[in-house]
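> This one is my_file_18.tsv, TSV, C-alpha atoms.
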```tsv
chain	number	residue	atom	x	y	z
G	1	LEU	CA	0.00	0.00	0.00
G	2	ASP	CA	2.77	2.41	0.85
G	3	LEU	CA	4.45	1.89	-2.54
G	4	VAL	CA	1.21	2.75	-4.33
G	5	CYS	CA	0.38	5.79	-2.19
G	6	ASP	CA	3.93	7.10	-2.25
G	7	LYS	CA	3.61	7.37	-6.03
G	8	GLY	CA	0.40	9.42	-5.72
G	9	ALA	CA	-1.96	6.56	-6.55
G	10	GLY	CA	-4.41	4.53	-4.45
G	11	SER	CA	-5.79	6.41	-1.47
G	12	ALA	CA	-3.51	9.35	-2.23
G	13	LEU	CA	-5.73	10.10	-5.25
G	14	MET	CA	-8.59	10.94	-2.90
G	15	MET	CA	-6.87	14.25	-2.25
G	16	LYS	CA	-6.76	15.04	-6.00
G	17	PRO	CA	-10.27	14.83	-7.48
G	18	ASN	CA	-9.21	16.30	-10.83
G	19	LYS	CA	-6.75	13.45	-11.32
G	20	ILE	CA	-9.52	10.98	-10.54
G	21	ARG	CA	-11.80	12.66	-13.07
G	22	ASN	CA	-9.10	12.66	-15.73
G	23	ALA	CA	-8.32	8.99	-15.05
G	24	ILE	CA	-11.99	8.03	-15.42
G	25	ILE	CA	-12.28	10.03	-18.65
G	26	GLY	CA	-9.05	8.44	-19.90
G	27	MET	CA	-10.39	4.96	-19.18
G	28	GLY	CA	-13.53	5.83	-21.11
G	29	ASN	CA	-11.40	6.86	-24.08
G	30	VAL	CA	-9.63	3.50	-24.32
G	31	PHE	CA	-12.16	1.11	-22.79
G	32	SER	CA	-15.84	0.83	-23.66
G	33	GLY	CA	-16.95	-1.06	-20.54
G	34	PRO	CA	-18.23	0.22	-17.21
G	35	VAL	CA	-15.81	1.58	-14.62
G	36	THR	CA	-16.12	1.31	-10.85
G	37	VAL	CA	-14.39	3.75	-8.54
G	38	LYS	CA	-13.15	2.16	-5.32
G	39	MET	CA	-12.15	4.36	-2.42
G	40	ARG	CA	-11.69	4.36	1.32
G	41	THR	CA	-13.45	6.65	3.77
G	42	GLY	CA	-10.47	9.00	3.60
G	43	TRP	CA	-6.83	9.23	4.50
G	44	GLU	CA	-7.33	9.60	8.25
G	45	GLU	CA	-10.10	8.11	10.39
G	46	LYS	CA	-11.02	11.47	11.95
G	47	LYS	CA	-11.18	13.25	8.57
G	48	PRO	CA	-13.38	11.23	6.23
G	49	VAL	CA	-13.78	12.71	2.74
G	50	ALA	CA	-15.62	9.96	0.85
G	51	ALA	CA	-19.06	11.61	1.17
G	52	VAL	CA	-17.86	14.75	-0.57
G	53	LEU	CA	-15.76	12.87	-3.13
G	54	ALA	CA	-18.43	10.29	-4.03
G	55	ARG	CA	-21.00	13.03	-4.51
G	56	LYS	CA	-18.53	14.97	-6.67
G	57	ILE	CA	-17.79	11.91	-8.82
G	58	GLN	CA	-21.53	11.39	-9.26
G	59	SER	CA	-22.05	15.05	-10.24
G	60	TRP	CA	-19.55	14.72	-13.10
G	61	GLU	CA	-22.12	12.50	-14.84
G	62	LEU	CA	-19.47	10.45	-16.59
G	63	PRO	CA	-21.35	7.76	-18.53
G	64	ASN	CA	-18.81	5.00	-17.89
G	65	VAL	CA	-19.01	5.23	-14.06
G	66	ALA	CA	-21.11	2.21	-13.09
G	67	ALA	CA	-20.67	2.36	-9.30
G	68	VAL	CA	-18.67	3.73	-6.39
G	69	MET	CA	-17.26	1.06	-4.11
G	70	LEU	CA	-16.53	2.29	-0.62
G	71	HIS	CA	-14.22	0.48	1.76
G	72	GLY	CA	-15.40	1.48	5.23
G	73	ARG	CA	-11.94	2.23	6.63
G	74	SER	CA	-9.45	5.05	6.22
G	75	ARG	CA	-6.02	4.62	4.66
G	76	THR	CA	-4.25	4.88	8.02
G	77	GLN	CA	-6.60	2.40	9.72
G	78	ARG	CA	-5.84	-0.42	7.32
G	79	TYR	CA	-7.47	-3.40	9.05
G	80	SER	CA	-7.07	-2.25	12.65
G	81	LYS	CA	-10.81	-1.61	13.14
G	82	LEU	CA	-14.09	-2.83	11.71
G	83	ALA	CA	-15.46	-1.15	8.60
G	84	ASP	CA	-17.63	1.86	9.45
G	85	TYR	CA	-21.01	1.06	7.92
G	86	ASP	CA	-22.59	4.05	9.63
G	87	TYR	CA	-20.31	6.32	7.63
G	88	ILE	CA	-20.99	4.32	4.47
G	89	GLY	CA	-24.66	5.05	5.13
G	90	GLU	CA	-23.86	8.77	5.39
G	91	VAL	CA	-22.10	8.59	2.03
G	92	GLY	CA	-25.20	6.97	0.54
G	93	LEU	CA	-27.39	9.76	1.91
G	94	ALA	CA	-25.00	12.40	0.54
G	95	MET	CA	-25.18	10.75	-2.88
G	96	ASP	CA	-28.99	10.63	-2.68
G	97	ALA	CA	-29.08	14.35	-1.85
G	98	GLY	CA	-26.57	15.12	-4.57
G	99	ALA	CA	-28.62	13.32	-7.21
G	100	LYS	CA	-31.70	15.36	-6.25
G	101	GLU	CA	-29.96	18.72	-5.89
G	102	ASP	CA	-27.68	18.35	-8.91
G	103	GLY	CA	-30.34	16.70	-11.06
G	104	CYS	CA	-28.04	13.83	-11.95
G	105	ARG	CA	-28.23	10.05	-12.05
G	106	ARG	CA	-27.77	8.34	-8.67
G	107	VAL	CA	-24.63	6.23	-9.03
G	108	PRO	CA	-24.90	2.95	-7.10
G	109	LEU	CA	-22.86	2.75	-3.89
G	110	ILE	CA	-21.41	-0.66	-3.07
G	111	PRO	CA	-20.09	-1.08	0.48
G	112	ASN	CA	-16.94	-3.04	1.19
G	113	GLY	CA	-15.40	-4.40	4.37
G	114	ASP	CA	-15.77	-7.25	6.85
G	115	VAL	CA	-17.98	-9.53	4.77
G	116	MET	CA	-16.75	-12.90	6.04
G	117	SER	CA	-19.97	-14.91	6.07
G	118	TYR	CA	-23.45	-15.24	4.65
G	119	GLU	CA	-24.80	-13.41	7.72
G	120	ASP	CA	-22.38	-10.49	7.22
G	121	PHE	CA	-23.56	-10.14	3.63
G	122	GLU	CA	-27.24	-10.22	4.65
G	123	GLU	CA	-26.59	-7.70	7.45
G	124	ARG	CA	-25.01	-5.29	4.95
G	125	LYS	CA	-28.09	-5.59	2.75
G	126	ARG	CA	-30.43	-5.02	5.71
G	127	SER	CA	-28.59	-1.80	6.58
G	128	GLY	CA	-30.33	-0.21	3.60
G	129	VAL	CA	-27.12	1.23	2.16
G	130	SER	CA	-27.11	-1.16	-0.78
G	131	ASP	CA	-28.69	-4.37	-1.96
G	132	THR	CA	-25.27	-5.92	-2.39
G	133	ALA	CA	-21.74	-5.76	-0.95
G	134	MET	CA	-18.27	-6.23	-2.33
G	135	LEU	CA	-16.39	-9.34	-1.27
G	136	ALA	CA	-12.69	-8.78	-0.83
G	137	ARG	CA	-10.56	-10.24	1.95
G	138	GLY	CA	-13.46	-12.52	2.93
G	139	ALA	CA	-13.31	-14.23	-0.46
G	140	LEU	CA	-9.54	-14.60	-0.18
G	141	ILE	CA	-9.86	-16.18	3.25
G	142	LYS	CA	-12.90	-18.29	2.29
G	143	PRO	CA	-12.91	-18.82	-1.49
G	144	TRP	CA	-16.24	-20.65	-1.07
G	145	LEU	CA	-17.87	-17.50	0.38
G	146	PRO	CA	-19.68	-16.60	-2.89
G	147	THR	CA	-21.32	-20.05	-2.88
G	148	GLU	CA	-22.25	-19.65	0.78
G	149	ILE	CA	-23.92	-16.31	-0.02
G	150	LYS	CA	-25.62	-17.56	-3.19
G	151	GLU	CA	-27.07	-20.58	-1.39
G	152	ARG	CA	-27.88	-18.50	1.72
G	153	ARG	CA	-26.34	-20.98	4.14
G	154	HIS	CA	-23.24	-21.74	6.16
G	155	TRP	CA	-20.86	-23.95	4.33
G	156	ASP	CA	-17.94	-25.44	6.20
G	157	ILE	CA	-16.11	-27.41	3.56
G	158	SER	CA	-14.11	-30.54	4.25
G	159	ALA	CA	-10.33	-30.72	4.48
G	160	GLY	CA	-10.25	-32.47	1.10
G	161	GLU	CA	-12.32	-29.71	-0.52
G	162	ARG	CA	-10.03	-27.08	0.99
G	163	LEU	CA	-6.99	-28.89	-0.37
G	164	ASP	CA	-8.60	-29.03	-3.83
G	165	ILE	CA	-9.17	-25.25	-3.70
G	166	LEU	CA	-5.55	-24.67	-2.68
G	167	ARG	CA	-4.31	-26.97	-5.44
G	168	ASN	CA	-6.43	-25.16	-8.04
G	169	PHE	CA	-5.31	-21.78	-6.72
G	170	VAL	CA	-1.65	-22.75	-7.06
G	171	ASN	CA	-2.21	-24.11	-10.57
G	172	TYR	CA	-4.05	-20.94	-11.62
G	173	GLY	CA	-1.32	-18.80	-10.07
G	174	LEU	CA	1.45	-20.61	-11.90
G	175	GLU	CA	-0.54	-20.41	-15.13
G	176	GLN	CA	-1.08	-16.66	-14.63
G	177	TRP	CA	2.35	-15.61	-13.31
G	178	GLY	CA	4.57	-18.39	-14.67
G	179	SER	CA	6.51	-21.21	-13.08
G	180	ASP	CA	9.81	-19.35	-12.94
G	181	THR	CA	11.13	-18.02	-9.63
G	182	GLN	CA	9.17	-14.77	-9.86
G	183	GLY	CA	5.91	-16.58	-10.75
G	184	VAL	CA	6.34	-19.07	-7.90
G	185	ASN	CA	7.09	-16.25	-5.45
G	186	THR	CA	4.04	-14.24	-6.57
G	187	THR	CA	1.79	-17.30	-6.28
G	188	ARG	CA	3.26	-18.07	-2.86
G	189	ARG	CA	2.73	-14.48	-1.69
G	190	PHE	CA	-0.98	-14.58	-2.54
G	191	LEU	CA	-1.31	-18.09	-1.12
G	192	LEU	CA	0.09	-16.86	2.19
G	193	GLU	CA	-2.74	-14.31	2.39
G	194	TRP	CA	-4.96	-17.29	3.28
```
Any chance you could give the structure as C-alpha cells?

Amino acid sequence: LDLVCDKGAGSALMMKPNKIRNAIIGMGNVFSGPVTVKMRTGWEEKKPVAAVLARKIQSWELPNVAAVMLHGRSRTQRYSKLADYDYIGEVGLAMDAGAKEDGCRRVPLIPNGDVMSYEDFEERKRSGVSDTAMLARGALIKPWLPTEIKERRHWDISAGERLDILRNFVNYGLEQWGSDTQGVNTTRRFLLEW
C-alpha cells in the first residue's frame, strides 16, 4: 500500500479529485466497458472525505461510471478496526441528496469491508445502504464465500475440498504468473494471504 500511495496513486488520489476525473475520462477513451471507482473513507479516520468525493464523482455525470465502491476504513486504519457502515450510510445519503440537488443520475454505492460470512452479507443488505456488498478479503480467506452467499447458508467445507481449492489456486497462479522463480514467489505471496 505504501508503494502505491507514495507514487500518488491509491488512497492518495482521494486528495486530488481532478486526477480521478481525468483517469476516469481516460479509461472511457480506451475502454468501452463500465468503470467502478473504489475508495476508502479518507486518509485519516477522523477526517473522512468519501461523502464529498463520491457526490462529486456522481455530479460529473461520466457515462462510464457504473458504481462507487466504498471500503469502510481510512487509509491509516488499514485493518485495525471494523469497517464503518454508519459512515458508508452517510455517504449513501449524501449521494442521494446530490442526485436530487444536482439533477443527476444516482450512481450505485457498493459497500466493502468485513464480509466474512453469509450473515455479514445479509446484514449489509439489511442496513439499507445497498442491496449488495463487495467481497474482498473474505473471499480470499474463504474462497467458497460466494457459494455460501448464493445458497444462503453456512458452508464449512471438508479438508479435502479445501486442499482441492488450494491446489487449483496454485495451478491458476502458476498459469497466470509463470513457473519461474518470480511466478512461484508471486503465487506463494498470494497463497500466504490465506
> Which residues are close to stretch 115-124 of chain G, i.e. within 7 Å by only C-alpha atoms, leaving aside same-chain residues fewer than 6 positions away? Reply as a short mmCIF file (atom, residue, chain, number, x, y, z; two decimals) with C-alpha atoms, keeping the file's coordinate frame.

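This went into part-v1.cif:
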```
data_model
loop_
_atom_site.label_atom_id
_atom_site.label_comp_id
_atom_site.auth_asym_id
_atom_site.auth_seq_id
_atom_site.Cartn_x
_atom_site.Cartn_y
_atom_site.Cartn_z
CA ALA G 133 -21.74 -5.76 -0.95
CA LEU G 135 -16.39 -9.34 -1.27
CA GLY G 138 -13.46 -12.52 2.93
CA LEU G 145 -17.87 -17.50 0.38
CA GLU G 148 -22.25 -19.65 0.78
CA ILE G 149 -23.92 -16.31 -0.02
CA ARG G 152 -27.88 -18.50 1.72
CA ARG G 153 -26.34 -20.98 4.14
CA HIS G 154 -23.24 -21.74 6.16
#
```
> So that I can check the surroundings of G:Ile88, please list as JSON, numbers by chain every protein, DNA and RNA residue that reaches within 8 Å of it, counting all atoms listed in the file and ignoring chain neighbours fewer than 4 positions away.
{"G": [41, 70, 72, 84, 92, 111, 129]}
> Limited to C-alpha atoms, could you put the picked residues into a file as a PDB file, in the coordinates of the input?

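Here's the written file result-v1.pdb:
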```
ATOM      1  CA  THR G  41     -13.450   6.650   3.770  1.00  0.00           C
ATOM      2  CA  LEU G  70     -16.530   2.290  -0.620  1.00  0.00           C
ATOM      3  CA  GLY G  72     -15.400   1.480   5.230  1.00  0.00           C
ATOM      4  CA  ASP G  84     -17.630   1.860   9.450  1.00  0.00           C
ATOM      5  CA  GLY G  92     -25.200   6.970   0.540  1.00  0.00           C
ATOM      6  CA  PRO G 111     -20.090  -1.080   0.480  1.00  0.00           C
ATOM      7  CA  VAL G 129     -27.120   1.230   2.160  1.00  0.00           C
TER       8      VAL G 129
END
```
> If I take atom CA of G:Arg105 and atom CA of G:Ser11, how far is one from the other in Å, to one decimal?
25.1 Å
> Here is a test: counting only C-alpha atoms, which residue of G:Val184, G:Ile20, G:Ala97, G:Met14 is nearest to G:Arg40?
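Looking only at the distances to G:Arg40, the closest residue turns out to be G:Met14.
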> In Å, rounded to a single decimal, give me how far atom CA of G:His71 is from atom CA of G:Leu140.
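These atoms are spaced 15.9 Å apart.
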> Atom CA of G:Val4 and atom CA of G:Ile57, how far apart in Å?
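Result for atom CA of G:Ile57 versus atom CA of G:Val4: 21.6 Å, one decimal.
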